[in-house]
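Content type compact mmCIF, C-alpha atoms, from the file upload-v4.txt:
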```txt
# COMPACT_ATOMS: atom_id res chain seq x y z
CA MET G 1 -23.62 3.06 -9.41
CA THR G 2 -25.65 -0.05 -9.72
CA LYS G 3 -27.68 -0.69 -6.59
CA ASP G 4 -26.38 -3.61 -4.60
CA GLU G 5 -27.56 -2.66 -1.17
CA ASP G 6 -27.12 -6.08 0.41
CA LYS G 7 -23.36 -5.72 -0.11
CA THR G 8 -23.16 -2.22 1.34
CA ILE G 9 -22.53 -1.50 4.98
CA HIS G 10 -23.41 1.92 6.33
CA TRP G 11 -20.69 2.06 8.89
CA ASN G 12 -22.32 4.55 11.21
CA LYS G 13 -25.28 2.23 11.69
CA VAL G 14 -23.12 -0.56 13.05
CA SER G 15 -22.95 -0.49 16.83
CA ASP G 16 -19.70 -1.11 18.66
CA GLN G 17 -20.08 -1.45 22.42
CA SER G 18 -16.39 -1.73 23.12
CA SER G 19 -15.67 1.77 21.96
CA SER G 20 -18.40 3.77 23.67
CA ASP G 21 -16.01 5.29 26.21
CA GLU G 22 -13.63 6.39 23.49
CA GLU G 23 -15.97 8.15 21.16
CA SER G 24 -15.17 11.66 22.31
CA GLU G 25 -11.57 11.34 21.29
CA GLN G 26 -10.38 12.33 17.87
CA GLY G 27 -8.37 9.88 15.86
CA ASN G 28 -6.61 12.41 13.69
CA THR G 29 -3.68 14.75 13.95
CA ALA G 30 -3.42 18.40 13.11
CA GLN G 31 -0.91 19.83 10.75
CA LEU G 32 1.69 21.82 12.63
CA SER G 33 4.00 24.14 10.80
CA ARG G 34 7.51 24.84 12.00
CA LYS G 35 6.46 28.44 12.56
CA LYS G 36 3.72 27.39 14.99
CA LEU G 37 5.99 24.92 16.68
CA PHE G 38 8.68 27.46 17.39
CA GLY G 39 6.32 30.34 18.22
CA GLU G 40 7.93 33.69 17.69
CA ILE G 41 11.30 32.40 16.61
CA PRO G 42 11.70 33.60 13.04
CA ILE G 43 12.66 30.87 10.65
CA ARG G 44 14.32 32.13 7.56
CA GLN G 45 13.32 30.19 4.50
CA GLN G 46 16.24 30.02 2.16
CA ALA G 47 15.27 28.95 -1.27
CA PHE G 48 16.38 30.24 -4.63
CA LEU G 49 15.51 30.19 -8.28
CA GLU G 50 18.48 30.29 -10.59
CA ILE G 51 17.72 31.29 -14.16
CA VAL G 52 20.18 29.25 -16.17
CA GLY G 53 21.96 30.75 -19.15
CA ARG G 54 20.12 34.06 -19.40
CA SER G 55 23.19 36.06 -18.50
CA GLU G 56 26.84 35.30 -17.99
CA ASP G 57 26.29 34.86 -14.28
CA ASN G 58 23.11 32.94 -13.74
CA GLU G 59 20.51 35.27 -12.29
CA VAL G 60 19.39 34.27 -8.79
CA ILE G 61 16.11 35.15 -7.11
CA GLU G 62 15.65 34.50 -3.43
CA LEU G 63 12.25 33.13 -2.52
CA GLY G 64 10.35 34.12 0.57
CA GLU G 65 6.82 33.36 1.63
CA GLN G 66 5.27 35.66 -0.96
CA GLU G 67 3.90 34.10 -4.10
CA ILE G 68 5.74 34.97 -7.28
CA ILE G 69 4.28 34.95 -10.76
CA ILE G 70 6.42 33.86 -13.70
CA GLY G 71 5.49 35.04 -17.18
CA ARG G 72 6.18 37.53 -19.95
CA GLY G 73 3.68 40.08 -18.63
CA PRO G 74 5.12 43.34 -17.25
CA ASP G 75 3.69 42.75 -13.79
CA CYS G 76 5.36 39.38 -13.25
CA ARG G 77 7.96 39.18 -10.51
CA LEU G 78 10.02 36.83 -12.68
CA ARG G 79 9.67 38.18 -16.19
CA LEU G 80 10.65 35.96 -19.10
CA PRO G 81 10.22 38.03 -22.27
CA SER G 82 9.72 35.23 -24.77
CA GLU G 83 6.87 34.46 -27.15
CA THR G 84 6.84 30.87 -25.89
CA VAL G 85 6.07 32.07 -22.37
CA SER G 86 2.48 32.98 -21.49
CA ARG G 87 1.74 36.35 -19.95
CA LYS G 88 1.04 34.72 -16.61
CA HIS G 89 2.59 31.32 -17.06
CA ALA G 90 3.14 29.83 -13.61
CA ARG G 91 3.35 30.74 -9.97
CA ILE G 92 5.55 29.64 -7.12
CA PHE G 93 3.97 29.65 -3.73
CA PHE G 94 4.83 28.61 -0.19
CA ARG G 95 2.45 26.37 1.69
CA ASN G 96 2.92 24.15 4.75
CA ASP G 97 6.65 24.85 4.76
CA GLU G 98 7.05 23.76 1.15
CA TYR G 99 7.45 25.51 -2.16
CA TYR G 100 5.19 24.53 -5.03
CA ILE G 101 5.07 25.48 -8.67
CA GLU G 102 1.69 25.62 -10.37
CA ASP G 103 0.95 26.14 -14.03
CA LEU G 104 -1.53 28.95 -14.64
CA GLY G 105 -3.13 27.46 -17.76
CA SER G 106 -0.15 28.34 -19.96
CA THR G 107 -0.06 27.46 -23.66
CA ASN G 108 3.25 25.62 -23.67
CA GLY G 109 3.19 24.09 -20.24
CA THR G 110 5.38 23.99 -17.17
CA TYR G 111 7.88 21.17 -16.80
CA VAL G 112 9.73 19.85 -13.77
CA ASN G 113 12.55 17.46 -14.63
CA ASP G 114 11.01 16.84 -18.06
CA ILE G 115 7.54 16.04 -16.74
CA ARG G 116 4.71 18.39 -17.70
CA VAL G 117 3.05 19.31 -14.42
CA VAL G 118 -0.06 21.10 -13.28
CA LYS G 119 1.38 21.44 -9.81
CA CYS G 120 4.47 20.06 -8.10
CA ALA G 121 6.11 20.30 -4.70
CA LEU G 122 9.64 21.50 -5.39
CA ARG G 123 12.76 19.78 -4.15
CA LYS G 124 16.42 20.71 -4.18
CA ASN G 125 17.93 20.64 -7.70
CA ASP G 126 14.62 20.40 -9.51
CA LEU G 127 14.97 21.78 -13.00
CA ILE G 128 11.98 23.80 -14.19
CA TYR G 129 11.39 24.47 -17.90
CA ILE G 130 9.16 27.34 -18.92
CA GLY G 131 9.00 28.22 -22.59
CA GLY G 132 12.53 27.04 -23.19
CA VAL G 133 13.95 28.84 -20.14
CA LYS G 134 15.66 26.62 -17.56
CA ILE G 135 15.22 27.53 -13.92
CA LEU G 136 16.94 25.63 -11.15
CA PHE G 137 15.25 25.41 -7.75
CA ASN G 138 17.50 25.18 -4.75
CA GLU G 139 17.09 25.45 -1.01
CA MET Q 1 -10.48 22.52 -6.25
CA PRO Q 2 -10.36 22.17 -10.03
CA HIS Q 3 -7.31 23.82 -11.54
CA ILE Q 4 -7.48 26.99 -13.64
CA GLY Q 5 -8.60 26.09 -17.16
CA GLN Q 6 -8.88 22.39 -16.29
CA VAL Q 7 -10.75 20.31 -18.85
CA ASN Q 8 -9.17 16.93 -18.24
CA PRO Q 9 -8.79 14.78 -15.13
CA LEU Q 10 -6.04 15.73 -12.69
CA VAL Q 11 -3.99 12.98 -11.10
CA THR Q 12 -2.14 13.73 -7.86
CA PHE Q 13 0.33 11.48 -6.07
CA TRP Q 14 0.05 11.73 -2.27
CA GLY Q 15 1.92 8.56 -1.41
CA THR Q 16 4.21 6.56 -3.70
CA ARG Q 17 6.19 4.35 -1.32
CA GLY Q 18 5.65 0.63 -1.00
CA SER Q 19 5.45 -1.55 2.09
CA ILE Q 20 6.18 1.00 4.81
CA SER Q 21 6.44 4.77 5.08
CA THR Q 22 10.00 6.08 4.85
CA PRO Q 23 10.19 9.66 6.11
CA GLY Q 24 13.48 11.56 6.06
CA ARG Q 25 15.84 13.51 3.90
CA THR Q 26 16.79 10.57 1.72
CA THR Q 27 13.26 10.16 0.38
CA GLU Q 28 12.14 13.79 0.11
CA ARG Q 29 12.01 13.96 -3.68
CA TYR Q 30 9.97 10.86 -4.49
CA GLY Q 31 8.23 10.71 -1.14
CA GLY Q 32 7.99 8.61 1.99
CA ASN Q 33 4.23 8.18 2.34
CA THR Q 34 2.60 4.92 1.34
CA SER Q 35 0.14 4.45 -1.51
CA CYS Q 36 -2.45 7.09 -2.24
CA VAL Q 37 -3.35 8.66 -5.58
CA THR Q 38 -6.30 10.90 -6.34
CA ILE Q 39 -8.09 11.74 -9.56
CA LEU Q 40 -10.10 14.93 -9.72
CA TYR Q 41 -12.56 15.60 -12.49
CA LYS Q 42 -14.99 18.48 -12.24
CA ASN Q 43 -15.79 18.32 -8.54
CA THR Q 44 -15.53 14.59 -7.93
CA HIS Q 45 -12.56 13.02 -6.18
CA ILE Q 46 -11.57 9.41 -6.80
CA ILE Q 47 -9.09 8.10 -4.24
CA LEU Q 48 -6.93 5.09 -4.99
CA ASP Q 49 -5.78 3.44 -1.77
CA ALA Q 50 -5.56 4.83 1.74
CA GLY Q 51 -1.89 4.52 2.64
CA THR Q 52 -0.33 7.22 4.79
CA GLY Q 53 -0.44 9.66 1.86
CA ILE Q 54 -4.21 10.02 2.26
CA ARG Q 55 -3.65 12.13 5.36
CA ASN Q 56 -2.21 15.03 3.37
CA PHE Q 57 -4.97 14.72 0.80
CA GLY Q 58 -7.54 15.00 3.59
CA LEU Q 59 -5.90 18.14 4.89
CA ASP Q 60 -5.74 19.59 1.40
CA ILE Q 61 -9.50 19.26 0.80
CA ARG Q 62 -10.52 20.13 4.35
CA ASP Q 63 -11.50 23.67 3.43
CA GLU Q 64 -13.04 22.61 0.15
CA LEU Q 65 -15.47 20.24 1.87
CA GLY Q 66 -16.89 23.12 3.87
CA ARG Q 67 -17.99 25.06 0.79
CA PRO Q 68 -21.63 24.69 -0.24
CA GLU Q 69 -20.80 24.32 -3.94
CA SER Q 70 -18.28 21.57 -3.35
CA GLN Q 71 -18.81 17.90 -4.06
CA GLN Q 72 -18.83 16.21 -0.68
CA SER Q 73 -18.92 12.73 -2.05
CA LEU Q 74 -15.61 10.87 -2.05
CA HIS Q 75 -14.98 7.49 -3.64
CA LEU Q 76 -12.14 5.43 -2.19
CA PHE Q 77 -11.04 2.33 -4.09
CA LEU Q 78 -8.78 -0.08 -2.22
CA SER Q 79 -6.43 -2.33 -4.17
CA HIS Q 80 -6.25 -4.57 -1.09
CA THR Q 81 -6.01 -4.23 2.65
CA HIS Q 82 -2.34 -4.65 3.45
CA TRP Q 83 -1.12 -2.03 5.92
CA ASP Q 84 0.52 0.24 3.39
CA HIS Q 85 -2.79 0.65 1.57
CA ILE Q 86 -5.16 1.31 4.49
CA GLN Q 87 -3.07 2.73 7.32
CA GLY Q 88 -3.86 6.37 6.55
CA LEU Q 89 -7.61 5.94 6.83
CA PRO Q 90 -7.86 6.68 10.59
CA PHE Q 91 -6.04 9.97 9.90
CA PHE Q 92 -8.21 11.01 6.96
CA GLN Q 93 -9.78 14.30 8.03
CA PRO Q 94 -12.98 14.03 5.90
CA ALA Q 95 -13.90 10.84 7.77
CA TYR Q 96 -14.52 13.11 10.77
CA ASN Q 97 -16.67 15.57 8.78
CA LYS Q 98 -20.38 14.90 9.27
CA ASP Q 99 -21.19 16.44 5.89
CA ALA Q 100 -18.94 14.11 3.91
CA ILE Q 101 -20.06 10.90 2.22
CA ILE Q 102 -17.25 8.40 1.70
CA THR Q 103 -17.85 5.23 -0.26
CA ILE Q 104 -15.12 2.63 0.14
CA TYR Q 105 -14.83 -0.11 -2.48
CA GLY Q 106 -12.81 -3.29 -2.26
CA SER Q 107 -12.53 -6.86 -3.44
CA PRO Q 108 -15.34 -9.31 -2.63
CA TYR Q 109 -13.01 -12.31 -2.73
CA LYS Q 110 -11.63 -12.22 0.79
CA GLU Q 111 -12.02 -14.43 3.79
CA LYS Q 112 -13.36 -11.54 5.84
CA PHE Q 113 -15.83 -8.88 4.77
CA LEU Q 114 -14.04 -5.64 3.89
CA ALA Q 115 -15.77 -3.71 6.67
CA SER Q 116 -14.46 -6.04 9.35
CA VAL Q 117 -10.91 -5.74 8.03
CA LEU Q 118 -11.06 -1.94 8.16
CA LYS Q 119 -12.64 -2.04 11.59
CA GLY Q 120 -9.88 -4.39 12.71
CA GLN Q 121 -7.09 -1.89 12.15
CA MET Q 122 -8.89 0.48 14.54
CA ASP Q 123 -9.38 -2.15 17.19
CA LYS Q 124 -8.30 -0.80 20.58
CA GLU Q 125 -5.32 -3.14 20.63
CA TYR Q 126 -3.91 -1.26 17.65
CA PHE Q 127 -5.43 2.22 17.73
CA PRO Q 128 -6.79 4.58 20.42
CA VAL Q 129 -10.27 5.02 18.97
CA SER Q 130 -12.59 2.78 17.06
CA MET Q 131 -14.11 3.38 13.66
CA THR Q 132 -17.36 4.54 15.22
CA VAL Q 133 -15.80 7.96 15.83
CA PHE Q 134 -16.02 8.63 12.11
CA SER Q 135 -18.82 11.13 11.73
CA ALA Q 136 -18.94 11.07 7.93
CA ASP Q 137 -21.45 8.86 6.18
CA ILE Q 138 -19.16 5.92 5.42
CA ARG Q 139 -20.42 3.26 3.02
CA ILE Q 140 -18.32 0.17 2.58
CA ARG Q 141 -18.98 -1.86 -0.54
CA GLU Q 142 -17.53 -5.01 -1.87
CA ILE Q 143 -17.44 -4.56 -5.60
CA SER Q 144 -19.48 -6.91 -7.74
CA GLU Q 145 -19.14 -8.11 -11.30
CA GLU Q 146 -21.16 -5.15 -12.48
CA THR Q 147 -19.37 -2.11 -13.83
CA ILE Q 148 -19.18 0.75 -11.37
CA ARG Q 149 -20.58 4.00 -12.71
CA PHE Q 150 -21.15 7.35 -11.03
CA ASP Q 151 -21.11 10.97 -12.18
CA ASP Q 152 -18.97 10.97 -15.35
CA PHE Q 153 -16.86 8.01 -14.27
CA THR Q 154 -16.79 4.37 -15.28
CA MET Q 155 -14.58 2.15 -13.15
CA LEU Q 156 -13.53 -1.28 -14.36
CA TRP Q 157 -11.67 -3.75 -12.17
CA GLN Q 158 -9.93 -7.10 -12.20
CA GLU Q 159 -8.51 -9.37 -9.56
CA GLN Q 160 -4.72 -9.78 -9.51
CA VAL Q 161 -3.71 -13.19 -8.20
CA HIS Q 162 0.05 -12.78 -8.02
CA HIS Q 163 0.24 -10.92 -4.73
CA PRO Q 164 0.00 -12.58 -1.33
CA GLY Q 165 -3.70 -12.35 -0.43
CA GLY Q 166 -4.55 -10.95 -3.87
CA SER Q 167 -5.19 -7.40 -5.01
CA VAL Q 168 -7.40 -5.51 -7.43
CA ARG Q 169 -6.43 -3.31 -10.38
CA TYR Q 170 -8.71 -0.50 -11.40
CA GLY Q 171 -9.31 1.13 -14.76
CA LEU Q 172 -10.98 4.52 -14.81
CA GLN Q 173 -12.60 5.84 -17.95
CA ILE Q 174 -13.37 9.51 -17.87
CA ASN Q 175 -13.88 12.12 -20.57
CA GLY Q 176 -12.33 9.84 -23.20
CA LYS Q 177 -9.26 9.14 -21.04
CA LYS Q 178 -8.13 5.85 -19.57
CA ILE Q 179 -6.24 5.79 -16.29
CA ILE Q 180 -5.10 2.46 -14.84
CA TYR Q 181 -4.02 1.84 -11.26
CA ALA Q 182 -2.37 -1.58 -11.02
CA THR Q 183 -0.14 -1.90 -8.02
CA ASP Q 184 0.94 -4.82 -5.85
CA VAL Q 185 1.19 -7.50 -8.47
CA GLU Q 186 4.09 -9.67 -9.58
CA LEU Q 187 3.91 -9.40 -13.34
CA ASP Q 188 7.15 -11.35 -13.68
CA ARG Q 189 5.22 -14.49 -12.68
CA ILE Q 190 2.79 -13.99 -15.55
CA PHE Q 191 5.11 -12.75 -18.26
CA GLN Q 192 8.27 -14.65 -17.41
CA GLY Q 193 6.77 -17.67 -15.70
CA ASN Q 194 6.00 -20.99 -17.27
CA SER Q 195 4.99 -19.94 -20.76
CA SER Q 196 3.35 -23.28 -21.48
CA ASN Q 197 0.92 -22.74 -18.61
CA ASP Q 198 -2.43 -21.78 -20.14
CA GLU Q 199 -3.60 -20.12 -16.96
CA GLU Q 200 -0.60 -17.76 -16.91
CA LYS Q 201 -1.02 -17.05 -20.60
CA ALA Q 202 -4.65 -16.10 -19.99
CA LEU Q 203 -3.61 -13.81 -17.12
CA ALA Q 204 -1.03 -12.13 -19.35
CA ARG Q 205 -3.57 -11.58 -22.10
CA GLN Q 206 -6.09 -10.23 -19.60
CA TYR Q 207 -3.54 -7.77 -18.22
CA LEU Q 208 -2.48 -6.52 -21.65
CA GLU Q 209 -6.09 -5.97 -22.69
CA PHE Q 210 -6.89 -4.15 -19.46
CA VAL Q 211 -4.03 -1.66 -19.69
CA HIS Q 212 -4.00 -1.39 -23.50
CA ASN Q 213 -3.53 2.14 -24.78
CA ALA Q 214 -3.86 3.69 -21.33
CA ASP Q 215 -3.28 7.43 -21.15
CA LEU Q 216 -1.64 6.79 -17.79
CA LEU Q 217 -0.64 3.53 -16.16
CA ILE Q 218 0.32 3.74 -12.49
CA ALA Q 219 2.04 0.45 -11.85
CA ASP Q 220 4.06 -1.49 -9.32
CA GLY Q 221 7.78 -1.30 -10.10
CA GLN Q 222 9.28 -2.05 -6.72
CA PHE Q 223 12.39 -4.03 -7.60
CA THR Q 224 15.36 -3.82 -9.87
CA GLU Q 225 16.13 -6.92 -11.93
CA GLU Q 226 18.87 -7.92 -9.48
CA GLU Q 227 16.66 -7.46 -6.42
CA TYR Q 228 13.83 -9.41 -7.97
CA SER Q 229 15.87 -12.58 -8.29
CA SER Q 230 15.93 -12.92 -4.49
CA LYS Q 231 12.33 -11.74 -4.03
CA VAL Q 232 10.33 -14.06 -6.23
CA GLY Q 233 6.90 -14.62 -4.70
CA TRP Q 234 6.86 -11.34 -2.76
CA GLY Q 235 4.14 -10.00 -5.05
CA HIS Q 236 5.91 -7.11 -6.76
CA THR Q 237 7.20 -6.44 -10.25
CA SER Q 238 10.70 -5.78 -11.51
CA ILE Q 239 11.15 -2.43 -13.26
CA PRO Q 240 12.58 -3.63 -16.62
CA LEU Q 241 9.78 -6.16 -17.04
CA LEU Q 242 7.15 -3.53 -16.24
CA LEU Q 243 8.59 -1.27 -18.93
CA ASP Q 244 8.50 -4.05 -21.53
CA VAL Q 245 4.94 -5.03 -20.70
CA ALA Q 246 3.66 -1.43 -20.64
CA TYR Q 247 5.32 -0.76 -23.99
CA GLU Q 248 3.78 -3.88 -25.51
CA ALA Q 249 0.39 -2.69 -24.28
CA GLN Q 250 0.99 0.67 -26.00
CA VAL Q 251 0.69 2.64 -22.81
CA LYS Q 252 1.21 6.36 -23.41
CA GLN Q 253 2.50 7.36 -19.99
CA LEU Q 254 3.88 5.12 -17.26
CA ALA Q 255 4.29 6.13 -13.62
CA ILE Q 256 6.55 3.65 -11.85
CA PHE Q 257 5.00 3.35 -8.42
CA HIS Q 258 5.29 1.60 -5.04
CA HIS Q 259 8.97 2.39 -4.55
CA ASP Q 260 10.90 -0.03 -2.42
CA PRO Q 261 11.58 1.32 1.12
CA GLN Q 262 15.31 0.82 0.47
CA HIS Q 263 15.27 2.96 -2.66
CA SER Q 264 16.43 6.44 -1.68
CA ASP Q 265 16.12 9.46 -3.97
CA LYS Q 266 19.79 9.05 -4.81
CA PHE Q 267 19.27 5.41 -5.69
CA LEU Q 268 16.32 6.17 -7.98
CA ASP Q 269 18.12 9.09 -9.65
CA GLU Q 270 21.23 7.00 -10.24
CA PHE Q 271 19.18 4.09 -11.54
CA TRP Q 272 17.48 6.50 -13.93
CA MET Q 273 20.76 7.97 -15.16
CA ALA Q 274 22.28 4.52 -15.63
CA ASN Q 275 19.32 3.36 -17.71
CA ARG Q 276 18.35 6.63 -19.36
CA SER Q 277 19.74 5.89 -22.79
CA ARG Q 278 18.06 2.49 -22.79
CA PHE Q 279 14.71 3.93 -21.62
CA HIS Q 280 14.77 6.71 -24.19
CA SER Q 281 15.76 4.61 -27.17
CA THR Q 282 13.71 1.51 -26.44
CA TYR Q 283 10.55 3.13 -25.18
CA GLU Q 284 10.51 6.13 -27.47
CA LYS Q 285 6.75 6.54 -27.66
CA MET Q 286 6.05 6.02 -23.98
CA ASP Q 287 6.71 8.65 -21.32
CA ILE Q 288 8.14 7.06 -18.21
CA PHE Q 289 8.67 8.66 -14.81
CA TRP Q 290 9.03 7.80 -11.16
CA ALA Q 291 5.78 8.51 -9.34
CA ARG Q 292 6.57 11.41 -7.04
CA GLU Q 293 4.74 12.66 -3.98
CA GLY Q 294 3.29 16.16 -4.43
CA LEU Q 295 3.04 15.88 -8.23
CA THR Q 296 -0.15 16.75 -10.10
CA LEU Q 297 -0.57 15.94 -13.79
CA GLU Q 298 -3.33 16.68 -16.26
CA ILE Q 299 -4.27 13.60 -18.28
```

How would this structure read if it were set down as structure tokens?
Amino acid sequence: MTKDEDKTIHWNKVSDQSSSDEESEQGNTAQLSRKKLFGEIPIRQQAFLEIVGRSEDNEVIELGEQEIIIGRGPDCRLRLPSETVSRKHARIFFRNDEYYIEDLGSTNGTYVNDIRVVKCALRKNDLIYIGGVKILFNE
Amino acid sequence: MPHIGQVNPLVTFWGTRGSISTPGRTTERYGGNTSCVTILYKNTHIILDAGTGIRNFGLDIRDELGRPESQQSLHLFLSHTHWDHIQGLPFFQPAYNKDAIITIYGSPYKEKFLASVLKGQMDKEYFPVSMTVFSADIRIREISEETIRFDDFTMLWQEQVHHPGGSVRYGLQINGKKIIYATDVELDRIFQGNSSNDEEKALARQYLEFVHNADLLIADGQFTEEEYSSKVGWGHTSIPLLLDVAYEAQVKQLAIFHHDPQHSDKFLDEFWMANRSRFHSTYEKMDIFWAREGLTLEI
């Protein structure tokens, strides 16, 4: 950065008399999950992955709050035995009441609705492509 | 935090909506928060605009800022100071972190100094606490003609005149990649206006040079062609014109951004389906997508 100090204001050095009685307050809001809001009331997350075209009836996996790994490795919860799928290709995780998919550095990439993504919050009817396998997200 | 195996910059959309936030089921897919995009490279975060989307970004890096190895320096570039581009700032968690350093950059060509505009939105008539409650080291800079350089980044900028009050477009060069953020500008005025006007011609040439060959162009595409006809002078671009201009500039990837508040997910999906064959055949070498909240791409 080129020095141009006369055009820089260090905000904290600027006094503001009118606000002295307000300085103890916090001007931000906390993130509150539905779980916290409703205390002990269990909220069942209902979301599904539907593997399209792998069998006559599309295979359906119900998602919970546990992370699932997708890949061709034997220890993957969703195993896709294809050479175009990396051993640990992507993961789906639950955070702040939302499901996300994240690529795990795969060779051929993770796509959501034709866009190659590193990470993406998932929405109803998103179509995920992993190594030629189509997976429909629904909730 | 940098992504596993990351070698290129990561771009994340935190707010993609124009004008006003639009929460609710009808905007879940593309998002209801107003403008905010971040670029992460190594451990440095560049933030483009501070619309309501910046709040979620602040929460996302809250834990990261506490780690000793983390980069605690954040660089926020404002396109301009209309509400939908600054309203999230009072809710940006790192501003309340005494260990964070936040440098805010904005246009020098305004009637009021940038700092006083930002202070104004936290005046007690509008907001419960003033800006002095920020405990981070906040540095507010009006950008100058000199190129902005820090860490591995070079940031170029240009004024955009066709938006009420003006706006700035930014061009980030990083690791051989070029990422352009050019929102809140009415390109139709430049590219479809009076073609004999030398000033407009110069603006068109300047725009094309600035965005030429961009790896990613994040650009204002608020209106359909039909909507635009009744919104001339509002300072936003029609989608078909944006596509033509981006293609002419040989842009590789185009994120259509600053969605109109009236454009629901259904509307955008239907618009896409109706124009899909045209988009795919005409703009074969350019990837086009709706900017979508919660999406991270590697560039």

(request) Quote the spacing between atom CA of Val11 of chain Q and atom CA of Gln158 of chain Q in Å to one decimal place. (result)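 Between atom CA of Val11 of chain Q and atom CA of Gln158 of chain Q the gap is 21.0 Å.
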
(request) Enter the distance from atom CA of Asp269 of chain Q to atom CA of Asn113 of chain G, in Å, rounded to one decimal. (result) 11.2 Å

(request) Find the spatial neighbours of segment 75-84 of chain Q, counting all atoms listed in the file, within a cut-off of 10 Å - ignore same-chain residues fewer than 6 positions away - and output them as a PyMOL selection string. (result) chain Q and resi 15+17-21+33-38+44-53+101-107+110+114+117-118+121+139-141+143+150+155+157-160+163-170+181-184+258

Go ahead and dump the residues you just picked, C-alpha atoms, as a JSON list (two decimals), keeping the file's coordinate frame.
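Dumped everything to selection-v2.json:
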```json
[["chain", "number", "residue", "atom", "x", "y", "z"],
["Q", 15, "GLY", "CA", 1.92, 8.56, -1.41],
["Q", 17, "ARG", "CA", 6.19, 4.35, -1.32],
["Q", 18, "GLY", "CA", 5.65, 0.63, -1.00],
["Q", 19, "SER", "CA", 5.45, -1.55, 2.09],
["Q", 20, "ILE", "CA", 6.18, 1.00, 4.81],
["Q", 21, "SER", "CA", 6.44, 4.77, 5.08],
["Q", 33, "ASN", "CA", 4.23, 8.18, 2.34],
["Q", 34, "THR", "CA", 2.60, 4.92, 1.34],
["Q", 35, "SER", "CA", 0.14, 4.45, -1.51],
["Q", 36, "CYS", "CA", -2.45, 7.09, -2.24],
["Q", 37, "VAL", "CA", -3.35, 8.66, -5.58],
["Q", 38, "THR", "CA", -6.30, 10.90, -6.34],
["Q", 44, "THR", "CA", -15.53, 14.59, -7.93],
["Q", 45, "HIS", "CA", -12.56, 13.02, -6.18],
["Q", 46, "ILE", "CA", -11.57, 9.41, -6.80],
["Q", 47, "ILE", "CA", -9.09, 8.10, -4.24],
["Q", 48, "LEU", "CA", -6.93, 5.09, -4.99],
["Q", 49, "ASP", "CA", -5.78, 3.44, -1.77],
["Q", 50, "ALA", "CA", -5.56, 4.83, 1.74],
["Q", 51, "GLY", "CA", -1.89, 4.52, 2.64],
["Q", 52, "THR", "CA", -0.33, 7.22, 4.79],
["Q", 53, "GLY", "CA", -0.44, 9.66, 1.86],
["Q", 101, "ILE", "CA", -20.06, 10.90, 2.22],
["Q", 102, "ILE", "CA", -17.25, 8.40, 1.70],
["Q", 103, "THR", "CA", -17.85, 5.23, -0.26],
["Q", 104, "ILE", "CA", -15.12, 2.63, 0.14],
["Q", 105, "TYR", "CA", -14.83, -0.11, -2.48],
["Q", 106, "GLY", "CA", -12.81, -3.29, -2.26],
["Q", 107, "SER", "CA", -12.53, -6.86, -3.44],
["Q", 110, "LYS", "CA", -11.63, -12.22, 0.79],
["Q", 114, "LEU", "CA", -14.04, -5.64, 3.89],
["Q", 117, "VAL", "CA", -10.91, -5.74, 8.03],
["Q", 118, "LEU", "CA", -11.06, -1.94, 8.16],
["Q", 121, "GLN", "CA", -7.09, -1.89, 12.15],
["Q", 139, "ARG", "CA", -20.42, 3.26, 3.02],
["Q", 140, "ILE", "CA", -18.32, 0.17, 2.58],
["Q", 141, "ARG", "CA", -18.98, -1.86, -0.54],
["Q", 143, "ILE", "CA", -17.44, -4.56, -5.60],
["Q", 150, "PHE", "CA", -21.15, 7.35, -11.03],
["Q", 155, "MET", "CA", -14.58, 2.15, -13.15],
["Q", 157, "TRP", "CA", -11.67, -3.75, -12.17],
["Q", 158, "GLN", "CA", -9.93, -7.10, -12.20],
["Q", 159, "GLU", "CA", -8.51, -9.37, -9.56],
["Q", 160, "GLN", "CA", -4.72, -9.78, -9.51],
["Q", 163, "HIS", "CA", 0.24, -10.92, -4.73],
["Q", 164, "PRO", "CA", 0.00, -12.58, -1.33],
["Q", 165, "GLY", "CA", -3.70, -12.35, -0.43],
["Q", 166, "GLY", "CA", -4.55, -10.95, -3.87],
["Q", 167, "SER", "CA", -5.19, -7.40, -5.01],
["Q", 168, "VAL", "CA", -7.40, -5.51, -7.43],
["Q", 169, "ARG", "CA", -6.43, -3.31, -10.38],
["Q", 170, "TYR", "CA", -8.71, -0.50, -11.40],
["Q", 181, "TYR", "CA", -4.02, 1.84, -11.26],
["Q", 182, "ALA", "CA", -2.37, -1.58, -11.02],
["Q", 183, "THR", "CA", -0.14, -1.90, -8.02],
["Q", 184, "ASP", "CA", 0.94, -4.82, -5.85],
["Q", 258, "HIS", "CA", 5.29, 1.60, -5.04]]
```

(request) Scan for residues within 6 Å of the point (19.2, 28.6, -14.9) in the coordinates of the file, using all atoms listed in the file, and reply as a ChimeraX atom specification. (result) /G:50-53,58,134-136

(request) For atom CA of Val185 of chain Q and atom CA of Gly221 of chain Q, determine how far apart the two atoms are, in Å to one decimal place. (result)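 Straight-line distance from atom CA of Val185 of chain Q to atom CA of Gly221 of chain Q works out to 9.2 Å.
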
(request) Pick out the residues sitting within 12 Å of Met122 of chain Q, and hand them over as an MDAnalysis selection string; count all atoms listed in the file, and ignore anything fewer than 4 positions along from it in its own chain. (result) (chainID G and resid 16 18:19 22 27) or (chainID Q and resid 83 86:91 115:118 126:134)

(message) Which residue is closest to chain G? Choose from Q:Ala202, Q:Ile148, Q:Ile190, Q:Leu40 and count only C-alpha atoms.
(response)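 Checking each candidate against chain G, we get Q:Ile148 as the closest.
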
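Closest approach to chain Q among G:Arg72, G:His10, G:His89, G:Arg79: G:His10, based on only C-alpha atoms.
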
(request) Would you kindly return, as number ranges by chain, each protein, DNA or RNA residue with an atom no farther than 9 Å from any atom of Glu98 of chain G, considering all atoms listed in the file and excluding same-chain residues fewer than 5 positions away? (result) G: 93, 121-123
